[in-house]
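Data from work06.cif: mmCIF, C-alpha atoms
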data_structure
loop_
_atom_site.label_atom_id
_atom_site.label_comp_id
_atom_site.auth_asym_id
_atom_site.auth_seq_id
_atom_site.Cartn_x
_atom_site.Cartn_y
_atom_site.Cartn_z
CA MET W 1 53.73 -173.11 -197.99
CA SER W 2 51.02 -173.76 -200.55
CA THR W 3 47.31 -173.81 -199.82
CA THR W 4 47.17 -177.58 -200.45
CA GLN W 5 49.42 -177.99 -197.41
CA ARG W 6 47.02 -176.22 -195.03
CA LEU W 7 44.18 -177.47 -192.89
CA ARG W 8 41.32 -175.04 -193.41
CA LYS W 9 38.05 -176.77 -192.57
CA LYS W 10 36.68 -177.07 -189.06
CA LEU W 11 35.97 -180.77 -189.65
CA ASP W 12 39.64 -181.41 -190.51
CA PHE W 13 40.78 -179.68 -187.31
CA GLN W 14 38.25 -181.65 -185.24
CA ASN W 15 39.34 -184.92 -186.81
CA VAL W 16 42.97 -184.31 -185.86
CA MET W 17 42.16 -183.03 -182.37
CA GLU W 18 39.89 -185.96 -181.52
CA SER W 19 41.96 -188.86 -182.80
CA GLY W 20 45.51 -187.55 -183.13
CA GLU W 21 48.53 -187.98 -180.88
CA SER W 22 50.05 -184.97 -179.15
CA TRP W 23 53.49 -183.70 -178.20
CA ALA W 24 54.14 -180.53 -176.23
CA ASP W 25 56.74 -178.16 -174.83
CA ARG W 26 56.50 -174.78 -173.10
CA LYS W 27 55.65 -172.84 -176.27
CA PHE W 28 53.56 -175.16 -178.45
CA VAL W 29 51.39 -178.26 -178.55
CA LEU W 30 51.59 -180.37 -181.68
CA VAL W 31 48.69 -182.70 -182.45
CA ALA W 32 49.14 -185.02 -185.43
CA LYS W 33 47.28 -187.79 -187.17
CA ASN W 34 48.68 -190.04 -189.87
CA GLN W 35 46.47 -189.90 -192.97
CA LYS W 36 48.88 -191.64 -195.32
CA SER W 37 46.11 -193.65 -197.00
CA THR W 38 44.11 -190.49 -197.75
CA PHE W 39 46.63 -187.73 -198.56
CA VAL W 40 49.95 -187.63 -200.35
CA THR W 41 51.01 -184.37 -198.70
CA THR W 42 51.39 -183.25 -195.12
CA ARG W 43 48.88 -180.56 -194.13
CA PHE W 44 49.30 -178.05 -191.31
CA GLY W 45 46.82 -175.99 -189.33
CA PHE W 46 47.53 -173.37 -186.68
CA SER W 47 45.48 -172.50 -183.61
CA ILE W 48 46.42 -169.19 -182.02
CA SER W 49 44.04 -168.07 -179.27
CA LYS W 50 43.28 -164.52 -178.18
CA ARG W 51 45.45 -165.10 -175.09
CA ILE W 52 48.45 -164.74 -177.40
CA GLY W 53 47.55 -161.16 -178.24
CA ASN W 54 45.61 -158.97 -180.60
CA ALA W 55 44.96 -159.79 -184.26
CA VAL W 56 48.29 -158.35 -185.34
CA ALA W 57 50.24 -160.56 -182.92
CA ARG W 58 48.21 -163.67 -183.80
CA ASN W 59 48.69 -163.17 -187.54
CA GLN W 60 52.40 -162.53 -187.06
CA MET W 61 52.66 -165.83 -185.15
CA LYS W 62 50.82 -167.67 -187.95
CA ARG W 63 53.15 -166.18 -190.59
CA ARG W 64 56.18 -167.22 -188.57
CA LEU W 65 54.86 -170.74 -188.10
CA ARG W 66 54.04 -171.14 -191.81
CA SER W 67 57.55 -169.99 -192.69
CA ILE W 68 59.18 -172.35 -190.21
CA VAL W 69 57.07 -175.37 -191.12
CA GLY W 70 57.62 -174.76 -194.84
CA SER W 71 61.40 -174.85 -194.44
CA PHE W 72 61.53 -178.51 -193.34
CA ASN W 73 61.31 -181.78 -195.26
CA HIS W 74 58.26 -183.71 -194.09
CA ASN W 75 57.16 -187.31 -194.23
CA VAL W 76 53.98 -187.45 -196.30
CA GLY W 77 50.45 -188.16 -195.20
CA TRP W 78 50.17 -186.29 -191.89
CA ASP W 79 47.59 -183.80 -190.70
CA VAL W 80 49.15 -181.54 -188.07
CA VAL W 81 47.71 -178.85 -185.79
CA LEU W 82 50.11 -176.53 -183.97
CA ILE W 83 48.62 -174.80 -180.93
CA ALA W 84 50.45 -171.80 -179.49
CA ARG W 85 50.79 -171.54 -175.71
CA LYS W 86 51.39 -168.42 -173.63
CA GLY W 87 55.13 -169.16 -173.65
CA ALA W 88 55.22 -168.35 -177.36
CA ILE W 89 54.10 -164.73 -176.87
CA ASP W 90 57.51 -163.14 -176.38
CA ALA W 91 59.60 -165.81 -178.10
CA LYS W 92 62.07 -164.79 -180.76
CA TYR W 93 61.97 -166.38 -184.22
CA GLN W 94 64.91 -168.70 -183.48
CA GLU W 95 63.27 -169.92 -180.26
CA ILE W 96 60.02 -170.66 -182.09
CA GLU W 97 61.95 -172.42 -184.83
CA ARG W 98 63.84 -174.57 -182.32
CA SER W 99 60.65 -175.46 -180.47
CA VAL W 100 58.63 -176.37 -183.56
CA SER W 101 61.46 -178.35 -185.17
CA GLY W 102 61.96 -180.33 -181.96
CA LEU W 103 58.27 -181.23 -181.83
CA LEU W 104 58.17 -182.20 -185.51
CA ILE W 105 61.21 -184.44 -185.09
CA LYS W 106 59.80 -186.02 -181.88
CA ALA W 107 56.56 -186.81 -183.67
CA GLY W 108 58.39 -188.35 -186.63
CA ILE W 109 56.81 -185.90 -189.06
CA SER W 110 59.98 -184.12 -190.09
CA ILE W 111 63.47 -185.30 -190.73
CA ASP W 112 66.32 -183.18 -189.44
CA GLU W 113 67.32 -181.78 -192.83
CA ARG W 114 66.14 -178.47 -194.26
CA GLU W 115 64.81 -178.07 -197.77
CA SER W 116 67.30 -176.44 -200.07
CA LYS W 117 65.60 -173.39 -201.55
#
Could you render the structure from this file as structure tokens?
Amino acid sequence: MSTTQRLRKKLDFQNVMESGESWADRKFVLVAKNQKSTFVTTRFGFSISKRIGNAVARNQMKRRLRSIVGSFNHNVGWDVVLIARKGAIDAKYQEIERSVSGLLIKAGISIDERESK
């Protein structure tokens, strides 16, 4: 996942959180806003609170999420924030992948096919 596909600024996160739509399950909350007129790529941001664990656990979760999100084909022009819930703490990689892919498909951000790498 390249740096152009990441939300990094606080203002970008706030914009998505204030005016985006949300979808949720037991492990994650996905908040997304369509920015098709502004951006030609889909950008992702991750919010992992200290309730998830120490810095090592939070960074591991972010790495997993970046890997999972990067493996899907996305419709262009979305800003997406993924928020980890307590249910994600002990989840295995496949469970996280299933959860995130389900949310992306529900939101219409991702199509069901994987990128061929």
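A straight-line distance of 24.6 Å separates atom CA of W:Thr3 from atom CA of W:Trp23.
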From the set W:Val31, W:Val100, W:Leu82, W:Val16, which residue has the shortest atom-to-atom contact distance to W:Gly45, counting all atoms listed in the file?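 Closest to W:Gly45 of all the choices is W:Leu82.
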Any chance you could work out the residue set of the PyMOL selection byres ((chain W and resi 63-78) around 8) here, as a PyMOL selection string? chain W and resi 1+32-43+46+59-62+79-80+93+96-97+100-101+108-115
Quick one: 8 Å padding each side, axis-aligned, all listed atoms of stretch 41-44 of chain W - centre and edge lengths in Å to one decimal, as lines of an AutoDock Vina configuration file?
center_x = 50.1
center_y = -181.2
center_z = -195.0
size_x = 18.5
size_y = 22.3
size_z = 23.4
Point-to-point distance in Å for atom CA of W:Glu21 and atom CA of W:Ala84: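 Computed distance, atom CA of W:Ala84 to atom CA of W:Glu21, equals 16.4 Å.
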So how far away is atom CA of W:Leu103 from atom CA of W:Asn54, in Å?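 Atom-to-atom, atom CA of W:Asn54 and atom CA of W:Leu103 are spaced 25.6 Å apart.
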So that I can see what lies close to W:Arg26, please list as a ChimeraX atom specification the residues with an atom at most 9 Å from it, counting all atoms listed in the file and leaving out residues fewer than 6 positions away in the same chain. /W:85-88,99
Quick one: stretch 90-109 of chain W with N, CA and C atoms, as a JSON list (two decimals), in the coordinates of the input?
[["chain", "number", "residue", "atom", "x", "y", "z"],
["W", 90, "ASP", "N", 56.32, -163.98, -176.27],
["W", 90, "ASP", "CA", 57.51, -163.14, -176.38],
["W", 90, "ASP", "C", 58.71, -163.86, -176.98],
["W", 91, "ALA", "N", 58.49, -165.03, -177.56],
["W", 91, "ALA", "CA", 59.60, -165.81, -178.10],
["W", 91, "ALA", "C", 60.14, -165.19, -179.38],
["W", 92, "LYS", "N", 61.43, -165.25, -179.54],
["W", 92, "LYS", "CA", 62.07, -164.79, -180.76],
["W", 92, "LYS", "C", 61.92, -165.86, -181.84],
["W", 93, "TYR", "N", 62.15, -165.47, -183.09],
["W", 93, "TYR", "CA", 61.97, -166.38, -184.22],
["W", 93, "TYR", "C", 62.79, -167.67, -184.05],
["W", 94, "GLN", "N", 64.04, -167.53, -183.63],
["W", 94, "GLN", "CA", 64.91, -168.70, -183.48],
["W", 94, "GLN", "C", 64.39, -169.64, -182.39],
["W", 95, "GLU", "N", 63.82, -169.10, -181.32],
["W", 95, "GLU", "CA", 63.27, -169.92, -180.26],
["W", 95, "GLU", "C", 62.04, -170.68, -180.75],
["W", 96, "ILE", "N", 61.20, -170.00, -181.52],
["W", 96, "ILE", "CA", 60.02, -170.66, -182.09],
["W", 96, "ILE", "C", 60.45, -171.76, -183.04],
["W", 97, "GLU", "N", 61.43, -171.45, -183.87],
["W", 97, "GLU", "CA", 61.95, -172.42, -184.83],
["W", 97, "GLU", "C", 62.50, -173.66, -184.13],
["W", 98, "ARG", "N", 63.26, -173.46, -183.07],
["W", 98, "ARG", "CA", 63.84, -174.57, -182.32],
["W", 98, "ARG", "C", 62.74, -175.42, -181.68],
["W", 99, "SER", "N", 61.75, -174.77, -181.12],
["W", 99, "SER", "CA", 60.65, -175.46, -180.47],
["W", 99, "SER", "C", 59.84, -176.29, -181.46],
["W", 100, "VAL", "N", 59.44, -175.68, -182.56],
["W", 100, "VAL", "CA", 58.63, -176.37, -183.56],
["W", 100, "VAL", "C", 59.42, -177.52, -184.21],
["W", 101, "SER", "N", 60.67, -177.28, -184.54],
["W", 101, "SER", "CA", 61.46, -178.35, -185.17],
["W", 101, "SER", "C", 61.64, -179.52, -184.21],
["W", 102, "GLY", "N", 61.84, -179.24, -182.93],
["W", 102, "GLY", "CA", 61.96, -180.33, -181.96],
["W", 102, "GLY", "C", 60.69, -181.16, -181.87],
["W", 103, "LEU", "N", 59.54, -180.50, -181.88],
["W", 103, "LEU", "CA", 58.27, -181.23, -181.83],
["W", 103, "LEU", "C", 58.03, -182.04, -183.10],
["W", 104, "LEU", "N", 58.35, -181.47, -184.25],
["W", 104, "LEU", "CA", 58.17, -182.20, -185.51],
["W", 104, "LEU", "C", 59.07, -183.43, -185.58],
["W", 105, "ILE", "N", 60.28, -183.30, -185.08],
["W", 105, "ILE", "CA", 61.21, -184.44, -185.09],
["W", 105, "ILE", "C", 60.76, -185.50, -184.08],
["W", 106, "LYS", "N", 60.33, -185.08, -182.88],
["W", 106, "LYS", "CA", 59.80, -186.02, -181.88],
["W", 106, "LYS", "C", 58.64, -186.82, -182.42],
["W", 107, "ALA", "N", 57.76, -186.15, -183.16],
["W", 107, "ALA", "CA", 56.56, -186.81, -183.67],
["W", 107, "ALA", "C", 56.86, -187.69, -184.89],
["W", 108, "GLY", "N", 58.04, -187.56, -185.45],
["W", 108, "GLY", "CA", 58.39, -188.35, -186.63],
["W", 108, "GLY", "C", 57.82, -187.79, -187.92],
["W", 109, "ILE", "N", 57.41, -186.54, -187.89],
["W", 109, "ILE", "CA", 56.81, -185.90, -189.06],
["W", 109, "ILE", "C", 57.88, -185.29, -189.96]]
